[in-house]
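Next up, coords19.tsv (TSV, C-alpha atoms):
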chain	number	residue	atom	x	y	z
Y	1	MET	CA	-24.09	-76.15	-156.69
Y	2	GLY	CA	-24.99	-79.64	-157.93
Y	3	ALA	CA	-22.60	-81.38	-155.57
Y	4	LYS	CA	-23.99	-79.48	-152.61
Y	5	HIS	CA	-27.51	-80.61	-153.37
Y	6	GLN	CA	-26.37	-84.19	-153.72
Y	7	ASN	CA	-24.97	-83.70	-150.27
Y	8	GLU	CA	-28.23	-82.41	-148.88
Y	9	LEU	CA	-30.09	-85.33	-150.42
Y	10	SER	CA	-27.73	-87.99	-149.19
Y	11	MET	CA	-28.05	-86.77	-145.62
Y	12	THR	CA	-28.24	-89.77	-143.32
Y	13	ASP	CA	-31.36	-90.50	-141.29
Y	14	ASP	CA	-29.35	-89.85	-138.15
Y	15	GLU	CA	-28.43	-86.40	-139.38
Y	16	ILE	CA	-32.05	-85.60	-140.27
Y	17	ARG	CA	-33.19	-86.77	-136.82
Y	18	ARG	CA	-30.48	-84.75	-135.12
Y	19	ARG	CA	-31.58	-81.60	-136.94
Y	20	GLN	CA	-35.22	-82.27	-136.21
Y	21	ARG	CA	-34.43	-82.68	-132.54
Y	22	SER	CA	-32.58	-79.36	-132.34
Y	23	ARG	CA	-35.49	-77.66	-134.17
Y	24	ASN	CA	-37.91	-79.16	-131.65
Y	25	ILE	CA	-35.82	-77.91	-128.75
Y	26	ALA	CA	-35.73	-74.41	-130.27
Y	27	VAL	CA	-39.52	-74.38	-130.67
Y	28	ALA	CA	-39.97	-75.60	-127.08
Y	29	LEU	CA	-37.71	-72.85	-125.79
Y	30	ALA	CA	-39.53	-70.22	-127.85
Y	31	VAL	CA	-42.96	-71.35	-126.62
Y	32	GLY	CA	-41.69	-71.45	-123.04
Y	33	ALA	CA	-40.27	-67.96	-123.35
Y	34	PHE	CA	-43.55	-66.72	-124.83
Y	35	VAL	CA	-45.49	-68.12	-121.84
Y	36	VAL	CA	-43.11	-66.43	-119.39
Y	37	ILE	CA	-43.40	-63.13	-121.29
Y	38	VAL	CA	-47.21	-63.17	-121.32
Y	39	PHE	CA	-47.24	-64.02	-117.61
Y	40	CYS	CA	-44.86	-61.16	-116.73
Y	41	VAL	CA	-46.75	-58.67	-118.89
Y	42	THR	CA	-50.00	-59.69	-117.19
Y	43	ILE	CA	-48.56	-59.13	-113.72
Y	44	VAL	CA	-47.08	-55.75	-114.66
Y	45	ARG	CA	-50.29	-54.53	-116.30
Y	46	ILE	CA	-52.45	-55.69	-113.39
Y	47	GLN	CA	-50.14	-53.83	-110.99
Y	48	ASP	CA	-50.39	-50.70	-113.13
Y	49	GLY	CA	-54.16	-51.08	-113.19
Y	50	ILE	CA	-54.37	-51.42	-109.40
Y	51	GLN	CA	-52.16	-48.38	-108.87
Y	52	ALA	CA	-54.19	-46.34	-111.34
Y	53	SER	CA	-57.47	-47.31	-109.69
Y	54	MET	CA	-56.10	-46.26	-106.33
Y	55	GLY	CA	-55.27	-42.86	-107.71
Y	56	GLY	CA	-51.63	-43.21	-108.40
J	1	MET	CA	-37.88	-83.36	-154.93
J	2	SER	CA	-38.26	-82.88	-158.67
J	3	ASP	CA	-35.34	-82.19	-160.97
J	4	THR	CA	-36.36	-78.59	-161.57
J	5	ALA	CA	-36.67	-77.96	-157.86
J	6	LEU	CA	-33.13	-79.24	-157.53
J	7	GLN	CA	-31.91	-76.90	-160.22
J	8	ASP	CA	-33.61	-73.96	-158.56
J	9	GLY	CA	-32.11	-75.00	-155.27
J	10	LEU	CA	-35.61	-75.05	-153.79
J	11	ALA	CA	-36.41	-77.73	-151.25
J	12	ALA	CA	-39.73	-79.56	-151.19
J	13	ASP	CA	-39.59	-79.73	-147.42
J	14	SER	CA	-37.50	-78.36	-144.57
J	15	LYS	CA	-36.30	-81.68	-143.16
J	16	GLY	CA	-32.67	-80.69	-143.50
J	17	ALA	CA	-33.13	-77.27	-141.93
J	18	GLU	CA	-31.05	-76.36	-138.94
J	19	VAL	CA	-32.11	-73.83	-136.32
J	20	ARG	CA	-29.58	-71.36	-137.66
J	21	ASP	CA	-31.23	-71.52	-141.09
J	22	TYR	CA	-34.40	-70.14	-139.52
J	23	ILE	CA	-32.37	-67.50	-137.72
J	24	ARG	CA	-30.86	-66.50	-141.08
J	25	LEU	CA	-34.39	-65.97	-142.42
J	26	LEU	CA	-34.76	-63.21	-139.82
J	27	LYS	CA	-31.90	-61.16	-141.36
J	28	PRO	CA	-30.03	-60.73	-138.05
J	29	ARG	CA	-27.75	-57.97	-139.33
J	30	VAL	CA	-30.64	-55.79	-140.49
J	31	MET	CA	-32.37	-56.61	-137.22
J	32	SER	CA	-29.48	-55.30	-135.15
J	33	LEU	CA	-29.82	-51.83	-136.66
J	34	VAL	CA	-33.61	-51.93	-136.35
J	35	VAL	CA	-33.42	-52.95	-132.69
J	36	PHE	CA	-30.82	-50.32	-131.90
J	37	SER	CA	-32.81	-47.46	-133.46
J	38	GLY	CA	-36.05	-48.75	-131.92
J	39	PHE	CA	-34.40	-48.88	-128.52
J	40	ALA	CA	-33.16	-45.32	-129.09
J	41	GLY	CA	-36.76	-44.22	-129.66
J	42	LEU	CA	-37.72	-45.78	-126.32
J	43	VAL	CA	-34.86	-44.10	-124.47
J	44	LEU	CA	-35.34	-40.68	-126.05
J	45	ALA	CA	-39.11	-40.42	-125.60
J	46	PRO	CA	-40.29	-38.40	-122.61
J	47	GLY	CA	-42.07	-40.41	-119.94
J	48	ASP	CA	-41.74	-43.81	-118.32
J	49	LEU	CA	-42.41	-47.31	-119.48
J	50	HIS	CA	-42.10	-50.28	-117.12
J	51	PRO	CA	-38.78	-52.05	-117.90
J	52	VAL	CA	-40.58	-55.34	-118.58
J	53	LEU	CA	-42.90	-53.67	-121.07
J	54	ALA	CA	-39.97	-51.80	-122.64
J	55	ALA	CA	-38.15	-55.11	-123.09
J	56	VAL	CA	-41.26	-56.62	-124.67
J	57	ALA	CA	-41.53	-53.62	-127.00
J	58	VAL	CA	-37.92	-54.14	-128.16
J	59	LEU	CA	-38.58	-57.86	-128.62
J	60	CYS	CA	-41.68	-57.14	-130.72
J	61	ILE	CA	-39.71	-54.72	-132.91
J	62	ALA	CA	-36.96	-57.34	-133.35
J	63	VAL	CA	-39.35	-60.20	-134.16
J	64	GLY	CA	-41.49	-58.02	-136.42
J	65	SER	CA	-38.40	-56.95	-138.35
J	66	GLY	CA	-37.22	-60.55	-138.65
J	67	ALA	CA	-40.65	-61.68	-139.79
J	68	ALA	CA	-40.66	-59.06	-142.55
J	69	GLY	CA	-37.21	-60.31	-143.58
J	70	ALA	CA	-38.45	-63.91	-143.78
J	71	ILE	CA	-41.44	-62.95	-145.93
J	72	ASN	CA	-39.10	-60.89	-148.11
J	73	MET	CA	-36.86	-63.94	-148.59
J	74	TRP	CA	-39.89	-66.03	-149.50
J	75	TYR	CA	-40.97	-63.56	-152.18
J	76	ASP	CA	-37.49	-62.81	-153.51
J	77	ARG	CA	-36.30	-66.44	-153.70
J	78	ASP	CA	-36.07	-66.28	-157.51
J	79	ILE	CA	-33.76	-63.26	-157.64
J	80	ASP	CA	-31.88	-64.32	-154.49
J	81	ALA	CA	-30.86	-67.50	-156.32
J	82	VAL	CA	-29.29	-65.40	-159.10
J	83	MET	CA	-27.34	-62.89	-157.03
J	84	THR	CA	-23.97	-63.90	-155.52
J	85	ARG	CA	-24.66	-61.95	-152.33
J	86	THR	CA	-27.92	-63.78	-151.60
J	87	ARG	CA	-27.32	-67.19	-153.19
J	88	GLY	CA	-26.49	-68.72	-149.83
J	89	ARG	CA	-29.79	-67.74	-148.22
J	90	PRO	CA	-31.75	-70.67	-146.75
J	91	ILE	CA	-34.41	-70.91	-149.48
J	92	PRO	CA	-32.22	-70.73	-152.63
J	93	ARG	CA	-29.78	-73.05	-150.88
J	94	GLY	CA	-32.52	-75.64	-150.53
J	95	ARG	CA	-32.52	-75.73	-146.74
J	96	ILE	CA	-35.97	-74.36	-146.08
J	97	ALA	CA	-39.04	-74.86	-148.28
J	98	ALA	CA	-40.45	-71.56	-149.58
J	99	ASP	CA	-43.88	-72.18	-148.02
J	100	ASP	CA	-42.34	-72.83	-144.63
J	101	ALA	CA	-40.49	-69.52	-144.77
J	102	LEU	CA	-43.73	-67.72	-145.58
J	103	ALA	CA	-45.57	-69.43	-142.73
J	104	PHE	CA	-42.71	-68.71	-140.33
J	105	GLY	CA	-42.69	-65.02	-141.27
J	106	THR	CA	-46.45	-64.62	-141.17
J	107	VAL	CA	-46.83	-66.25	-137.75
J	108	LEU	CA	-44.03	-64.13	-136.26
J	109	ALA	CA	-45.33	-60.91	-137.86
J	110	THR	CA	-48.85	-61.47	-136.53
J	111	GLY	CA	-47.58	-62.53	-133.12
J	112	SER	CA	-45.29	-59.53	-132.71
J	113	VAL	CA	-48.03	-57.04	-133.64
J	114	PHE	CA	-50.61	-58.62	-131.31
J	115	LEU	CA	-48.17	-58.91	-128.42
J	116	MET	CA	-47.24	-55.25	-128.89
J	117	ALA	CA	-50.92	-54.28	-128.87
J	118	LEU	CA	-51.72	-56.26	-125.72
J	119	ALA	CA	-48.53	-55.56	-123.76
J	120	VAL	CA	-47.66	-52.01	-124.79
J	121	ASN	CA	-50.22	-49.95	-126.73
J	122	PHE	CA	-52.20	-49.80	-129.94
J	123	MET	CA	-50.20	-46.94	-131.48
J	124	ALA	CA	-46.90	-48.83	-131.22
J	125	ALA	CA	-48.58	-51.97	-132.56
J	126	GLY	CA	-50.17	-50.00	-135.40
J	127	ILE	CA	-46.87	-48.49	-136.54
J	128	LEU	CA	-45.17	-51.88	-136.25
J	129	ALA	CA	-47.89	-53.41	-138.45
J	130	ALA	CA	-47.57	-50.53	-140.91
J	131	ALA	CA	-43.80	-51.00	-141.11
J	132	ILE	CA	-44.09	-54.76	-141.78
J	133	LEU	CA	-46.88	-54.32	-144.35
J	134	PHE	CA	-44.97	-51.50	-146.05
J	135	TYR	CA	-41.81	-53.59	-146.29
J	136	VAL	CA	-43.60	-56.65	-147.64
J	137	PHE	CA	-46.21	-55.17	-149.96
J	138	VAL	CA	-44.91	-51.74	-150.99
J	139	TYR	CA	-41.15	-52.37	-151.05
J	140	THR	CA	-40.70	-56.10	-151.73
J	141	MET	CA	-43.67	-56.86	-153.95
J	142	TRP	CA	-44.22	-53.57	-155.71
J	143	LEU	CA	-41.31	-51.12	-155.83
J	144	LYS	CA	-38.19	-53.30	-155.67
J	145	ARG	CA	-38.62	-54.75	-159.14
J	146	SER	CA	-40.28	-51.79	-160.78
J	147	THR	CA	-38.45	-48.53	-160.05
J	148	PRO	CA	-34.95	-47.25	-159.23
J	149	GLN	CA	-36.61	-45.24	-156.45
J	150	ASN	CA	-37.35	-48.61	-154.77
J	151	ILE	CA	-35.07	-48.19	-151.79
J	152	VAL	CA	-35.83	-44.47	-151.43
J	153	ILE	CA	-39.54	-44.99	-150.81
J	154	GLY	CA	-39.12	-48.51	-149.45
J	155	GLY	CA	-36.60	-47.13	-146.98
J	156	ALA	CA	-39.54	-45.78	-145.00
J	157	ALA	CA	-40.09	-49.30	-143.67
J	158	GLY	CA	-36.67	-49.29	-142.02
J	159	ALA	CA	-37.21	-45.77	-140.68
J	160	PHE	CA	-40.23	-46.69	-138.53
J	161	PRO	CA	-38.45	-48.39	-135.56
J	162	PRO	CA	-37.58	-45.23	-133.56
J	163	MET	CA	-41.19	-44.06	-134.06
J	164	ILE	CA	-42.38	-47.41	-132.69
J	165	GLY	CA	-40.11	-47.08	-129.66
J	166	TRP	CA	-41.27	-43.49	-129.14
J	167	ALA	CA	-44.94	-44.51	-129.44
J	168	ALA	CA	-44.40	-47.37	-126.98
J	169	VAL	CA	-43.58	-44.77	-124.31
J	170	THR	CA	-45.83	-41.85	-125.27
J	171	GLY	CA	-48.66	-43.63	-127.07
J	172	GLY	CA	-48.42	-41.14	-129.92
J	173	ILE	CA	-46.52	-39.54	-132.78
J	174	SER	CA	-44.72	-36.21	-132.45
J	175	VAL	CA	-42.39	-33.85	-134.31
J	176	GLU	CA	-39.45	-35.45	-132.51
J	177	SER	CA	-40.33	-38.98	-133.52
J	178	LEU	CA	-40.90	-37.83	-137.10
J	179	VAL	CA	-37.40	-36.29	-137.11
J	180	LEU	CA	-35.94	-39.62	-135.97
J	181	PHE	CA	-37.89	-41.26	-138.78
J	182	SER	CA	-36.60	-38.83	-141.40
J	183	LEU	CA	-33.01	-39.33	-140.22
J	184	ILE	CA	-33.11	-43.00	-141.21
J	185	PHE	CA	-35.25	-42.23	-144.24
J	186	PHE	CA	-32.63	-39.89	-145.74
J	187	TRP	CA	-29.78	-42.13	-144.62
J	188	THR	CA	-31.08	-45.21	-146.44
J	189	PRO	CA	-30.50	-44.13	-150.09
J	190	PRO	CA	-26.77	-43.31	-149.78
J	191	HIS	CA	-26.34	-46.39	-147.58
J	192	PHE	CA	-28.04	-48.76	-149.99
J	193	TRP	CA	-26.67	-47.22	-153.18
J	194	ALA	CA	-23.13	-47.61	-151.85
J	195	LEU	CA	-23.85	-51.34	-151.77
J	196	ALA	CA	-25.67	-51.26	-155.11
J	197	LEU	CA	-22.65	-49.55	-156.73
J	198	TYR	CA	-20.27	-52.42	-156.06
J	199	ARG	CA	-22.96	-55.07	-156.52
J	200	ARG	CA	-24.49	-53.55	-159.64
J	201	GLY	CA	-23.50	-56.55	-161.79
J	202	ASP	CA	-25.50	-58.76	-159.44
J	203	TYR	CA	-28.55	-56.54	-159.58
J	204	ALA	CA	-28.36	-56.21	-163.36
J	205	GLU	CA	-28.24	-59.98	-163.74
J	206	ALA	CA	-31.23	-60.42	-161.46
J	207	GLY	CA	-33.15	-57.70	-163.32
J	208	VAL	CA	-33.58	-55.50	-160.24
J	209	PRO	CA	-33.72	-51.86	-161.42
J	210	MET	CA	-31.32	-50.41	-158.86
J	211	LEU	CA	-30.25	-46.84	-159.61
J	212	PRO	CA	-26.66	-47.68	-160.72
J	213	VAL	CA	-28.08	-50.28	-163.14
J	214	VAL	CA	-30.76	-48.03	-164.61
J	215	ALA	CA	-29.30	-44.52	-164.42
J	216	GLY	CA	-25.60	-45.27	-164.30
J	217	VAL	CA	-22.80	-44.86	-161.82
J	218	ARG	CA	-22.42	-41.09	-162.26
J	219	VAL	CA	-26.03	-40.24	-161.46
J	220	THR	CA	-26.02	-42.58	-158.48
J	221	LYS	CA	-22.91	-41.01	-156.99
J	222	LEU	CA	-24.38	-37.53	-157.38
J	223	GLN	CA	-27.63	-38.59	-155.71
J	224	MET	CA	-25.68	-40.15	-152.83
J	225	LEU	CA	-23.79	-36.90	-152.35
J	226	ILE	CA	-27.05	-34.89	-152.35
J	227	TYR	CA	-28.58	-37.14	-149.68
J	228	THR	CA	-25.53	-36.90	-147.42
J	229	ILE	CA	-25.69	-33.08	-147.72
J	230	LEU	CA	-29.41	-33.11	-146.87
J	231	LEU	CA	-28.56	-35.21	-143.83
J	232	LEU	CA	-26.11	-32.63	-142.49
J	233	PRO	CA	-28.70	-30.21	-141.03
J	234	LEU	CA	-31.22	-32.98	-140.39
J	235	ALA	CA	-28.83	-34.95	-138.16
J	236	VAL	CA	-28.31	-31.87	-135.99
J	237	ALA	CA	-32.08	-31.27	-135.67
J	238	PRO	CA	-32.48	-33.49	-132.56
J	239	TYR	CA	-30.18	-31.02	-130.79
J	240	TRP	CA	-32.29	-28.01	-131.83
J	241	LEU	CA	-35.44	-29.84	-130.77
J	242	GLY	CA	-33.98	-30.62	-127.37
J	243	ILE	CA	-34.06	-34.41	-127.82
J	244	ALA	CA	-30.32	-34.45	-127.20
J	245	GLY	CA	-27.69	-32.00	-125.96
J	246	PRO	CA	-24.84	-30.02	-127.57
J	247	LEU	CA	-22.48	-32.97	-127.27
J	248	TYR	CA	-24.76	-34.86	-129.63
J	249	GLY	CA	-25.00	-31.81	-131.89
J	250	ALA	CA	-21.22	-31.73	-132.25
J	251	ALA	CA	-21.03	-35.50	-132.80
J	252	ALA	CA	-23.73	-35.30	-135.46
J	253	ALA	CA	-21.90	-32.49	-137.26
J	254	VAL	CA	-18.61	-34.42	-137.33
J	255	LEU	CA	-20.20	-37.75	-138.28
J	256	GLY	CA	-22.21	-36.01	-141.00
J	257	ALA	CA	-19.17	-34.23	-142.41
J	258	LEU	CA	-17.36	-37.57	-142.64
J	259	PHE	CA	-20.38	-39.14	-144.34
J	260	THR	CA	-20.43	-36.33	-146.93
J	261	LEU	CA	-16.66	-36.68	-147.41
J	262	SER	CA	-17.04	-40.40	-148.02
J	263	ALA	CA	-19.63	-39.58	-150.71
J	264	VAL	CA	-17.15	-37.13	-152.26
J	265	ALA	CA	-14.50	-39.88	-152.21
J	266	VAL	CA	-16.96	-42.20	-153.97
J	267	TRP	CA	-17.61	-39.50	-156.57
J	268	PHE	CA	-13.91	-39.28	-157.53
J	269	ASP	CA	-13.12	-42.99	-157.24
J	270	THR	CA	-13.25	-44.97	-160.49
J	271	THR	CA	-13.01	-48.29	-158.61
J	272	ASP	CA	-15.50	-49.77	-156.14
J	273	LYS	CA	-13.18	-49.35	-153.19
J	274	SER	CA	-14.64	-46.11	-151.83
J	275	ALA	CA	-18.19	-47.39	-152.24
J	276	LYS	CA	-17.37	-50.44	-150.10
J	277	ARG	CA	-15.80	-48.20	-147.49
J	278	MET	CA	-18.79	-45.84	-147.56
J	279	PHE	CA	-21.20	-48.75	-147.06
J	280	GLY	CA	-19.28	-49.80	-143.97
J	281	TYR	CA	-19.07	-46.25	-142.70
J	282	SER	CA	-22.80	-45.66	-143.25
J	283	ILE	CA	-23.62	-48.46	-140.79
J	284	PHE	CA	-21.19	-47.06	-138.24
J	285	TYR	CA	-22.64	-43.58	-138.84
J	286	LEU	CA	-26.18	-44.57	-137.91
J	287	PHE	CA	-25.12	-46.58	-134.86
J	288	ALA	CA	-22.91	-43.72	-133.69
J	289	LEU	CA	-25.61	-41.11	-134.33
J	290	PHE	CA	-28.26	-42.89	-132.26
J	291	GLY	CA	-25.65	-43.93	-129.70
J	292	ALA	CA	-24.59	-40.31	-129.19
J	293	MET	CA	-28.22	-39.24	-129.02
J	294	MET	CA	-28.93	-41.69	-126.20
J	295	LEU	CA	-25.76	-40.76	-124.30
J	296	ASP	CA	-26.65	-37.10	-124.47
J	297	ALA	CA	-30.41	-37.63	-124.12
J	298	GLY	CA	-32.49	-34.97	-122.49
J	299	ALA	CA	-29.53	-32.68	-121.82
J	300	GLY	CA	-31.23	-29.99	-123.88
J	301	MET	CA	-34.38	-30.25	-121.76
J	302	ALA	CA	-32.61	-30.10	-118.42
J	303	GLY	CA	-33.88	-27.57	-115.89

Let me see whether you can do it: turn the structure in this file into structure tokens.
Amino acid sequence: MGAKHQNELSMTDDEIRRRQRSRNIAVALAVGAFVVIVFCVTIVRIQDGIQASMGG
Amino acid sequence: MSDTALQDGLAADSKGAEVRDYIRLLKPRVMSLVVFSGFAGLVLAPGDLHPVLAAVAVLCIAVGSGAAGAINMWYDRDIDAVMTRTRGRPIPRGRIAADDALAFGTVLATGSVFLMALAVNFMAAGILAAAILFYVFVYTMWLKRSTPQNIVIGGAAGAFPPMIGWAAVTGGISVESLVLFSLIFFWTPPHFWALALYRRGDYAEAGVPMLPVVAGVRVTKLQMLIYTILLLPLAVAPYWLGIAGPLYGAAAAVLGALFTLSAVAVWFDTTDKSAKRMFGYSIFYLFALFGAMMLDAGAGMAG
């Protein structure tokens, strides 16, 4: 285990930046997906509401 | 990073974390079974749910399950570091700081419950919240380290998903959804104890009072056999209730007989071989059971 941790510690700055960048991209995608989901849910629920108020 | 943190394998920050480390926190393999059974609840429930909302319900179940897994890994980081099976998890490996895992899990748990409440309905959101809270507080924090009945009672957390799917469509709880719940509830002990049998050294070392560690191999094998026998009539119940047709009933009977036979094989086996095989079969059993139920859904209610 010791060697592995040495490895983690001696990670180059480039490697750290590369990992940070891929984390940022993942967060961006997740937030984007969340916005799309909330938008779609809103549309669907408004449609349901309109149909219900018109009696079916 | 201090020297002790290094020895524990705990990171002070998550700078070295990769995206897949965060995905590992969500316990993807547990999630697959949770999603499948939750989806089954959606399919089997009478009534309609808009496909977009159904997809959101499945997503909320998946994320909620993953969030509970992440919080579990935060709390169990000390014993995870001791056990061979869990040593490679992101926190004991020093990839993700413990606090970050807790924050990650908490945000996702809250988000999934609120999205479920706003997009689907309060009943589904309420059961989802109950399942997450039960897994974190009752199973992980209380029972896991204190009683050999830990996974029996704690198994309830994993049994909620079909009830959540059912509630997403109907907005309520019914006999049928409770039967789906009890199927997974009675399946969990033989499933988990099969694993605990061949990992009992691990659990003993970590001080987790799993049944094989506390009561011995013999008692565990007997209990597993009893649960598989209890499951025999229970697995056929969805057919009697009209949730699924006779095809499912036959499939359930055969799958159940094989599950009981695998428990018998474990009983007579002095090595761990049969237990490993039974663990694998138990996963197939549950997938096949819910798969057959969905394929034969509603046949009993036709006409």

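Ranking Y:Val36, Y:Val27, Y:Val41, Y:Ala52 by their shortest atom-to-atom distance to chain J, with all atoms listed in the file included, puts Y:Val41 first.
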
What are the residues of chain J that have an atom within 8 Å of an atom of chain Y, counting only C-alpha atoms, as a CSV table (one decimal) with C-alpha atoms, in the coordinates of the input?
chain,number,residue,atom,x,y,z
J,6,LEU,CA,-33.1,-79.2,-157.5
J,7,GLN,CA,-31.9,-76.9,-160.2
J,9,GLY,CA,-32.1,-75.0,-155.3
J,15,LYS,CA,-36.3,-81.7,-143.2
J,16,GLY,CA,-32.7,-80.7,-143.5
J,17,ALA,CA,-33.1,-77.3,-141.9
J,18,GLU,CA,-31.0,-76.4,-138.9
J,19,VAL,CA,-32.1,-73.8,-136.3
J,50,HIS,CA,-42.1,-50.3,-117.1
J,52,VAL,CA,-40.6,-55.3,-118.6
J,53,LEU,CA,-42.9,-53.7,-121.1
J,56,VAL,CA,-41.3,-56.6,-124.7
J,94,GLY,CA,-32.5,-75.6,-150.5
J,119,ALA,CA,-48.5,-55.6,-123.8

Problem set entry | Shell around region 139-153 of chain J at 7 Å using only C-alpha atoms, local window under 4 positions removed, as a VMD selection string | chain J and resid 72 134 to 135 188 to 189 208 to 211 214

Output the selection as a CSV table (one decimal), in the coordinates of the input - C-alpha atoms for each residue.
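Below you can see selection_10.csv, which holds the result:
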chain,number,residue,atom,x,y,z
J,72,ASN,CA,-39.1,-60.9,-148.1
J,134,PHE,CA,-45.0,-51.5,-146.0
J,135,TYR,CA,-41.8,-53.6,-146.3
J,188,THR,CA,-31.1,-45.2,-146.4
J,189,PRO,CA,-30.5,-44.1,-150.1
J,208,VAL,CA,-33.6,-55.5,-160.2
J,209,PRO,CA,-33.7,-51.9,-161.4
J,210,MET,CA,-31.3,-50.4,-158.9
J,211,LEU,CA,-30.2,-46.8,-159.6
J,214,VAL,CA,-30.8,-48.0,-164.6

Problem set entry | Contacts of Ser182 (chain J) at 12 Å (all atoms listed in the file; same-chain gap of 3+ positions) as an NGL selection string | :J and (152-153 or 155-163 or 175-179 or 185-189 or 227 or 230-231 or 233-235 or 237-238)

Exercise. Pick from J:Leu44, J:Pro51, J:Ala257, J:Asp272: nearest to Ala244 (chain J), with only C-alpha atoms counted?
Worked result: J:Leu44

Exercise. What is the distance between CA of Gly172 (chain J) and CA of Ala130 (chain J), in Å to one decimal?
Worked result: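 Computed distance, CA of Gly172 (chain J) to CA of Ala130 (chain J), equals 14.5 Å.
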
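Of note, CA of Gly88 (chain J) and CA of Arg29 (chain J) are spaced 15.1 Å apart.
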
Exercise. Between CA of Ser32 (chain J) and CA of Leu118 (chain J), what is the spacing in Å?
Worked result: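 So the two atoms, CA of Leu118 (chain J) and CA of Ser32 (chain J), lie 24.2 Å apart.
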
Could you add whatever atoms are missing so that region 6-20 of chain J carries N, CA and C atoms, then write the result as a PDB file, in the frame of the given file?
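Okay, rebuild00.pdb is ready:
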ATOM      1  N   LEU J   6     -34.542 -79.114-157.849  1.00  0.00           N
ATOM      2  CA  LEU J   6     -33.130 -79.240-157.530  1.00  0.00           C
ATOM      3  C   LEU J   6     -32.315 -78.160-158.221  1.00  0.00           C
ATOM      4  N   GLN J   7     -32.652 -77.915-159.486  1.00  0.00           N
ATOM      5  CA  GLN J   7     -31.910 -76.900-160.220  1.00  0.00           C
ATOM      6  C   GLN J   7     -32.104 -75.515-159.623  1.00  0.00           C
ATOM      7  N   ASP J   8     -33.333 -75.258-159.165  1.00  0.00           N
ATOM      8  CA  ASP J   8     -33.610 -73.960-158.560  1.00  0.00           C
ATOM      9  C   ASP J   8     -33.007 -73.859-157.168  1.00  0.00           C
ATOM     10  N   GLY J   9     -32.613 -75.002-156.633  1.00  0.00           N
ATOM     11  CA  GLY J   9     -32.110 -75.000-155.270  1.00  0.00           C
ATOM     12  C   GLY J   9     -33.248 -74.893-154.268  1.00  0.00           C
ATOM     13  N   LEU J  10     -34.474 -75.172-154.706  1.00  0.00           N
ATOM     14  CA  LEU J  10     -35.610 -75.050-153.790  1.00  0.00           C
ATOM     15  C   LEU J  10     -35.937 -76.418-153.209  1.00  0.00           C
ATOM     16  N   ALA J  11     -36.096 -76.463-151.900  1.00  0.00           N
ATOM     17  CA  ALA J  11     -36.410 -77.730-151.250  1.00  0.00           C
ATOM     18  C   ALA J  11     -37.918 -77.945-151.230  1.00  0.00           C
ATOM     19  N   ALA J  12     -38.309 -79.224-151.280  1.00  0.00           N
ATOM     20  CA  ALA J  12     -39.730 -79.560-151.190  1.00  0.00           C
ATOM     21  C   ALA J  12     -40.191 -79.559-149.741  1.00  0.00           C
ATOM     22  N   ASP J  13     -39.256 -79.772-148.835  1.00  0.00           N
ATOM     23  CA  ASP J  13     -39.590 -79.730-147.420  1.00  0.00           C
ATOM     24  C   ASP J  13     -38.402 -79.141-146.653  1.00  0.00           C
ATOM     25  N   SER J  14     -38.568 -78.991-145.356  1.00  0.00           N
ATOM     26  CA  SER J  14     -37.500 -78.360-144.570  1.00  0.00           C
ATOM     27  C   SER J  14     -36.846 -79.357-143.627  1.00  0.00           C
ATOM     28  N   LYS J  15     -36.841 -80.639-144.036  1.00  0.00           N
ATOM     29  CA  LYS J  15     -36.300 -81.680-143.160  1.00  0.00           C
ATOM     30  C   LYS J  15     -34.838 -81.459-142.796  1.00  0.00           C
ATOM     31  N   GLY J  16     -34.095 -80.880-143.741  1.00  0.00           N
ATOM     32  CA  GLY J  16     -32.670 -80.690-143.500  1.00  0.00           C
ATOM     33  C   GLY J  16     -32.340 -79.367-142.849  1.00  0.00           C
ATOM     34  N   ALA J  17     -33.379 -78.619-142.466  1.00  0.00           N
ATOM     35  CA  ALA J  17     -33.130 -77.270-141.930  1.00  0.00           C
ATOM     36  C   ALA J  17     -32.555 -77.333-140.524  1.00  0.00           C
ATOM     37  N   GLU J  18     -31.576 -76.502-140.281  1.00  0.00           N
ATOM     38  CA  GLU J  18     -31.050 -76.360-138.940  1.00  0.00           C
ATOM     39  C   GLU J  18     -31.651 -75.105-138.323  1.00  0.00           C
ATOM     40  N   VAL J  19     -31.545 -74.996-137.006  1.00  0.00           N
ATOM     41  CA  VAL J  19     -32.110 -73.830-136.320  1.00  0.00           C
ATOM     42  C   VAL J  19     -31.518 -72.543-136.878  1.00  0.00           C
ATOM     43  N   ARG J  20     -30.226 -72.597-137.189  1.00  0.00           N
ATOM     44  CA  ARG J  20     -29.580 -71.360-137.660  1.00  0.00           C
ATOM     45  C   ARG J  20     -30.076 -70.955-139.050  1.00  0.00           C
TER      46      ARG J  20
END
